[in-house]
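Asks: This is the structure I have questions about; it appears just below.
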Amino acid sequence: MRVIVVGAGVVGTMHAWHAISRGHEVVQIERESEARGASLRNFGQIWVSGRAGGEELETALRARELWEEIGGRVPGVGFRANGSLTPVRTELELAVAEAVTARADAGPRGHKLLGADEARALNPALRGDFTAALWCERDAAVEPRTAQLALKEALLASGRYSYLGGREVREVIEPGRTGSGAGSGPAVRDDHGDVHTGDAVVLCTGAWLGGLVRELAPELPVRRVRLQMMQTDPLGEELTTSVADADSFRYYPAYAGEALDALNSGQPQTPVADEHRMQLLMVQRLDGGLTIGDTHAYDHPFDFDLLADPYEHLTTVVESFVGRPLPRIRRRWAGVYAQCVDTSRVVHREQVRDGVWLVTGPGGRGMTCAPAIAETTANELGW
């Protein structure tokens with residue numbers, strides 16, 4: 001079988017990975033020379049802790065297994081099973097953490113409530129004031145800026161993989177279309193005029209929802225979301241776990257319940273965090289720097305500015321946990337990802353033409369769930 005994958009972000013690359021792993025041939029086509037979208041502009045977290053129970057959690061747990069397996073085969077992915085800590089300070093925050101650890105799925109997530117001293121034993125860099133912390137043993141991390149490049153090198157080594165960067169797909173050609181030059185299978189035509197024919201075409205176009213995607217799926221139930229993030233110089237010590245704050249309880253569906261309702265009503269977010277729909281997530285990169293975020297904007301058109309207030313808020317929160325000034329901010333950026341309008345859906349997977357599938361809209365769970373999303377596609381298509 002020959003599979004044409006359009007898009008070289010993490011979702012597209014994982015589709016290529018599964019196709020190659022099952023013995024097939026892959027041609028992967030990317031608009032940029034290399035992917036530059038949300039797959040690089042994220043935390044690199046394999047984030048199990050906050051996922052909704054049911055399909056979303058099952059997908060995240062399966063993806064966590066696959067990431068560990070892939071990381072063992074491709075060290076450049078930078079996989080590490082670092083877990084996460086969410087420090088809490090108030091009785092209302094503590095009640096949410098206690099409720100989460102009492103649930104039936106706390107075991108699969110690796111959830112456990114730790115005292116402050118236990119949390120600092122796991123992550124000595126957390127020298128600030130807090131009373132307890134929610135531990136998630138199953139959370140992990142990879143390197144988002146280099147993972148796709150490392151995976152591409154591994155795919156090229158198979159001898160059955162071709163990568164075509166700097167080519168935008170302009171047309172989908174259905175099987176057997178007269179005069180198309182496409183042969184018997186589905187095909188795509190790029191902006192160089194070249195036709196690429198396969199037995200299946202998978203469009204993993206990320207937040208690119210206009211143009212060809214709109215022509216193929218005009219009623220696509222997917223929206224775009226903008227975020228702001230930053231990265232520091234090396235911390236100078238190891239941050240042994242990922243770190244979140246209690247605002248993450250408000251954002252992730254796993255924490256829903258009476259305790260969260262009480263937190264929302266009794267302890268509102270700060271005005272800046274509320275305005276920008278913020279939470280703190282923080283991961284240390286392999287070079288020692290910290291990736292810190294983030295904001296969420298849903299209303300179009302998005303601002304093109306990088307706003308200062310969210311960065312100042314994040315800096316204050318992080319410094320309160322680590323008990324020291326942050327290193328110099330090295331980078332600030334914005335990113336845009338595609339999210340299903342019905343956020344309970346893990347991904348939107350749709351056959352848009354004979355032999356052609358569109359896979360998009362994983363939202364903020366794309367880096368976490370991509371290996372399992374692609375595995376499901378491969379299984380459903382009979383690869």
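Residue numbers start at 1 in each chain; chains themselves are named A, B, ... in the order of the structure tokens; ligands are numbered from 1 in the order shown.
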May I have the residues within 8 Å of range 322-335 of chain A as a ChimeraX atom specification, using only C-alpha atoms and disregarding those fewer than 2 positions away in the same chain?
Replies: /A:37-38,41,125-129,226-235,306,315,318-320,337
Asks: Could you pull out all residues of range 27-171 of chain A with a DSSP call of strand (DSSP E) and give them as a PyMOL selection string?
Replies: chain A and resi 27-30+45-46+84-88+111-115+132-136+140-141+161-165+169-171
Asks: Do you know which residues are at most 9 Å from range 154-158 of chain A counting only C-alpha atoms, after dropping those on the same chain fewer than 5 positions away, and could you put them as a list in words?
Replies: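 Near range 154-158 of chain A, the qualifying residues are Ala16, Trp17, Ile20, Arg73, Val74, Leu149 and Tyr163 of chain A.
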Asks: Would you please work out which residue, of A:Ile46, A:Arg22, A:Gly110, A:Ala95, is nearest to Ala259 in chain A when using only C-alpha atoms?
Replies: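 Checking each candidate against Ala259 in chain A, we get A:Ala95 as the closest.
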Asks: Taking a cut-off of 10 Å and counting only C-alpha atoms, can you build a table that, for each residue of range 25-116 of chain A near range 141-144 of chain A, reports the nearest atom pair and how far apart they are in Å (one decimal), sorted by chain then residue number, as a Markdown table?
Replies:
| residue | atom | partner | partner_atom | distance |
| --- | --- | --- | --- | --- |
| A:Ala38 | CA | A:Pro144 | CA | 9.2 |
| A:Ser39 | CA | A:Pro144 | CA | 6.4 |
| A:Leu40 | CA | A:Pro144 | CA | 4.8 |
| A:Arg41 | CA | A:Pro144 | CA | 7.1 |
| A:Asn42 | CA | A:Pro144 | CA | 6.6 |
| A:Phe43 | CA | A:Pro144 | CA | 6.9 |
| A:Gly44 | CA | A:Pro144 | CA | 4.9 |
| A:Gln45 | CA | A:Ala141 | CA | 4.4 |
| A:Ile46 | CA | A:Ala141 | CA | 5.3 |
| A:Trp47 | CA | A:Ala141 | CA | 8.1 |
| A:Arg64 | CA | A:Ala141 | CA | 9.6 |
| A:Trp67 | CA | A:Val142 | CA | 8.5 |
| A:Glu68 | CA | A:Val142 | CA | 9.7 |
| A:Gly71 | CA | A:Val142 | CA | 8.4 |
| A:Pro75 | CA | A:Val142 | CA | 10.0 |
| A:Gly76 | CA | A:Glu143 | CA | 8.2 |
| A:Val77 | CA | A:Val142 | CA | 5.9 |
| A:Gly78 | CA | A:Val142 | CA | 4.8 |
| A:Phe79 | CA | A:Val142 | CA | 4.5 |
| A:Arg80 | CA | A:Ala141 | CA | 5.5 |
| A:Ala81 | CA | A:Ala141 | CA | 6.6 |
| A:Asn82 | CA | A:Ala141 | CA | 6.8 |
| A:Gly83 | CA | A:Ala141 | CA | 8.2 |
| A:Ser84 | CA | A:Ala141 | CA | 9.7 |
Asks: Need to verify the contact set: Lys112 in chain A, 12 Å, only C-alpha atoms, exclusion of same-chain residues closer than 2 positions in sequence. Can you return it as a list in words?
Replies: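 In the requested form, the answer reads Ser49, Gly83, Ser84, Leu85, Thr86, Ala97, Glu98, Ala99, Val100, Thr101, Ala102, Arg103, Asp105, Ala106, Gly107, Pro108, Arg109, Gly110, Leu114, Gly115, Glu118, Ala119, Ala132, Ala133, Leu134, Trp135, Cys136, Glu137 and Arg138 of chain A.
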Asks: Just give me the gap between CA of Tyr161 in chain A and CA of Val26 in chain A in Å, one decimal is fine.
Replies: 4.9 Å
Asks: Could you list, as a PyMOL selection string, every residue within 9 Å of Gly23 in chain A, counting only C-alpha atoms and ignoring same-chain residues fewer than 2 positions away?
Replies: chain A and resi 1+18-21+25+160+383
Asks: Given the selection you just returned, output its residues as a file containing C-alpha atoms, formatted as a compact mmCIF listing (two decimals), in the first residue's frame.
Replies:
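Resulting contents of result.txt:
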# COMPACT_ATOMS: atom_id res chain seq x y z
CA MET A 1 0.00 0.00 0.00
CA HIS A 18 2.07 3.88 11.65
CA ALA A 19 1.93 3.31 7.89
CA ILE A 20 5.69 2.68 7.71
CA SER A 21 5.55 0.47 10.83
CA GLU A 25 5.17 3.15 1.54
CA ARG A 160 9.93 3.41 2.06
CA TRP A 383 -3.62 -0.59 6.88
Asks: Which residues are near range 268-276 of chain A? Cut-off 9 Å, only C-alpha atoms, ignore same chain within fewer than 6 positions. Put them as a list in words.
Replies: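 Within the cut-off, the hits are Asp247, Asp294, Thr295, His296, Ala297, Asp309, Pro310, His313 and Leu314 of chain A.
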Asks: Please produce a file of those selected residues containing all heavy atoms, as a PDB file, in the first residue's frame.
Replies:
ATOM      1  N   ASP A 247      -5.387  26.768  38.387  1.00  0.00           N
ATOM      2  CA  ASP A 247      -6.232  27.213  37.283  1.00  0.00           C
ATOM      3  C   ASP A 247      -6.397  26.122  36.226  1.00  0.00           C
ATOM      4  O   ASP A 247      -7.360  26.152  35.451  1.00  0.00           O
ATOM      5  CB  ASP A 247      -5.661  28.479  36.642  1.00  0.00           C
ATOM      6  CG  ASP A 247      -6.041  29.741  37.406  1.00  0.00           C
ATOM      7  OD1 ASP A 247      -6.996  29.687  38.211  1.00  0.00           O
ATOM      8  OD2 ASP A 247      -5.388  30.780  37.204  1.00  0.00           O
ATOM      9  N   ASP A 294      -0.313  29.026  29.531  1.00  0.00           N
ATOM     10  CA  ASP A 294      -0.622  29.614  28.246  1.00  0.00           C
ATOM     11  C   ASP A 294      -1.955  30.316  28.325  1.00  0.00           C
ATOM     12  O   ASP A 294      -2.603  30.303  29.364  1.00  0.00           O
ATOM     13  CB  ASP A 294      -0.603  28.565  27.112  1.00  0.00           C
ATOM     14  CG  ASP A 294      -1.629  27.431  27.252  1.00  0.00           C
ATOM     15  OD1 ASP A 294      -2.235  27.308  28.337  1.00  0.00           O
ATOM     16  OD2 ASP A 294      -1.819  26.666  26.293  1.00  0.00           O
ATOM     17  N   THR A 295      -2.340  30.954  27.231  1.00  0.00           N
ATOM     18  CA  THR A 295      -3.610  31.656  27.097  1.00  0.00           C
ATOM     19  C   THR A 295      -4.479  30.909  26.091  1.00  0.00           C
ATOM     20  O   THR A 295      -3.998  30.027  25.371  1.00  0.00           O
ATOM     21  CB  THR A 295      -3.390  33.084  26.596  1.00  0.00           C
ATOM     22  OG1 THR A 295      -2.850  33.023  25.264  1.00  0.00           O
ATOM     23  CG2 THR A 295      -2.417  33.850  27.488  1.00  0.00           C
ATOM     24  N   HIS A 296      -5.759  31.301  26.003  1.00  0.00           N
ATOM     25  CA  HIS A 296      -6.664  30.710  25.012  1.00  0.00           C
ATOM     26  C   HIS A 296      -7.580  31.793  24.468  1.00  0.00           C
ATOM     27  O   HIS A 296      -8.294  32.448  25.238  1.00  0.00           O
ATOM     28  CB  HIS A 296      -7.501  29.582  25.629  1.00  0.00           C
ATOM     29  CG  HIS A 296      -6.679  28.480  26.199  1.00  0.00           C
ATOM     30  ND1 HIS A 296      -6.212  28.500  27.495  1.00  0.00           N
ATOM     31  CD2 HIS A 296      -6.189  27.348  25.628  1.00  0.00           C
ATOM     32  CE1 HIS A 296      -5.491  27.415  27.710  1.00  0.00           C
ATOM     33  NE2 HIS A 296      -5.465  26.710  26.599  1.00  0.00           N
ATOM     34  N   ALA A 297      -7.536  32.007  23.167  1.00  0.00           N
ATOM     35  CA  ALA A 297      -8.413  32.972  22.509  1.00  0.00           C
ATOM     36  C   ALA A 297      -9.203  32.240  21.435  1.00  0.00           C
ATOM     37  O   ALA A 297      -8.632  31.492  20.632  1.00  0.00           O
ATOM     38  CB  ALA A 297      -7.593  34.099  21.886  1.00  0.00           C
ATOM     39  N   ASP A 309       0.529  41.463  29.557  1.00  0.00           N
ATOM     40  CA  ASP A 309      -0.089  41.097  30.833  1.00  0.00           C
ATOM     41  C   ASP A 309      -0.076  39.589  31.103  1.00  0.00           C
ATOM     42  O   ASP A 309       0.229  39.164  32.228  1.00  0.00           O
ATOM     43  CB  ASP A 309      -1.520  41.628  30.902  1.00  0.00           C
ATOM     44  CG  ASP A 309      -1.577  43.128  31.113  1.00  0.00           C
ATOM     45  OD1 ASP A 309      -0.514  43.729  31.358  1.00  0.00           O
ATOM     46  OD2 ASP A 309      -2.680  43.700  31.033  1.00  0.00           O
ATOM     47  N   PRO A 310      -0.421  38.743  30.124  1.00  0.00           N
ATOM     48  CA  PRO A 310      -0.368  37.304  30.399  1.00  0.00           C
ATOM     49  C   PRO A 310       1.029  36.810  30.781  1.00  0.00           C
ATOM     50  O   PRO A 310       1.173  35.947  31.660  1.00  0.00           O
ATOM     51  CB  PRO A 310      -0.843  36.668  29.081  1.00  0.00           C
ATOM     52  CG  PRO A 310      -1.689  37.720  28.449  1.00  0.00           C
ATOM     53  CD  PRO A 310      -1.023  39.007  28.800  1.00  0.00           C
ATOM     54  N   HIS A 313       1.690  37.760  34.344  1.00  0.00           N
ATOM     55  CA  HIS A 313       0.940  36.881  35.245  1.00  0.00           C
ATOM     56  C   HIS A 313       1.648  35.529  35.390  1.00  0.00           C
ATOM     57  O   HIS A 313       1.836  35.034  36.520  1.00  0.00           O
ATOM     58  CB  HIS A 313      -0.476  36.677  34.717  1.00  0.00           C
ATOM     59  CG  HIS A 313      -1.232  35.587  35.415  1.00  0.00           C
ATOM     60  ND1 HIS A 313      -1.845  35.775  36.645  1.00  0.00           N
ATOM     61  CD2 HIS A 313      -1.456  34.289  35.080  1.00  0.00           C
ATOM     62  CE1 HIS A 313      -2.414  34.647  37.015  1.00  0.00           C
ATOM     63  NE2 HIS A 313      -2.202  33.726  36.092  1.00  0.00           N
ATOM     64  N   LEU A 314       2.026  34.931  34.291  1.00  0.00           N
ATOM     65  CA  LEU A 314       2.693  33.627  34.343  1.00  0.00           C
ATOM     66  C   LEU A 314       4.002  33.704  35.116  1.00  0.00           C
ATOM     67  O   LEU A 314       4.333  32.807  35.905  1.00  0.00           O
ATOM     68  CB  LEU A 314       2.946  33.110  32.926  1.00  0.00           C
ATOM     69  CG  LEU A 314       1.708  32.693  32.132  1.00  0.00           C
ATOM     70  CD1 LEU A 314       2.069  32.467  30.664  1.00  0.00           C
ATOM     71  CD2 LEU A 314       1.084  31.430  32.721  1.00  0.00           C
TER      72      LEU A 314
END
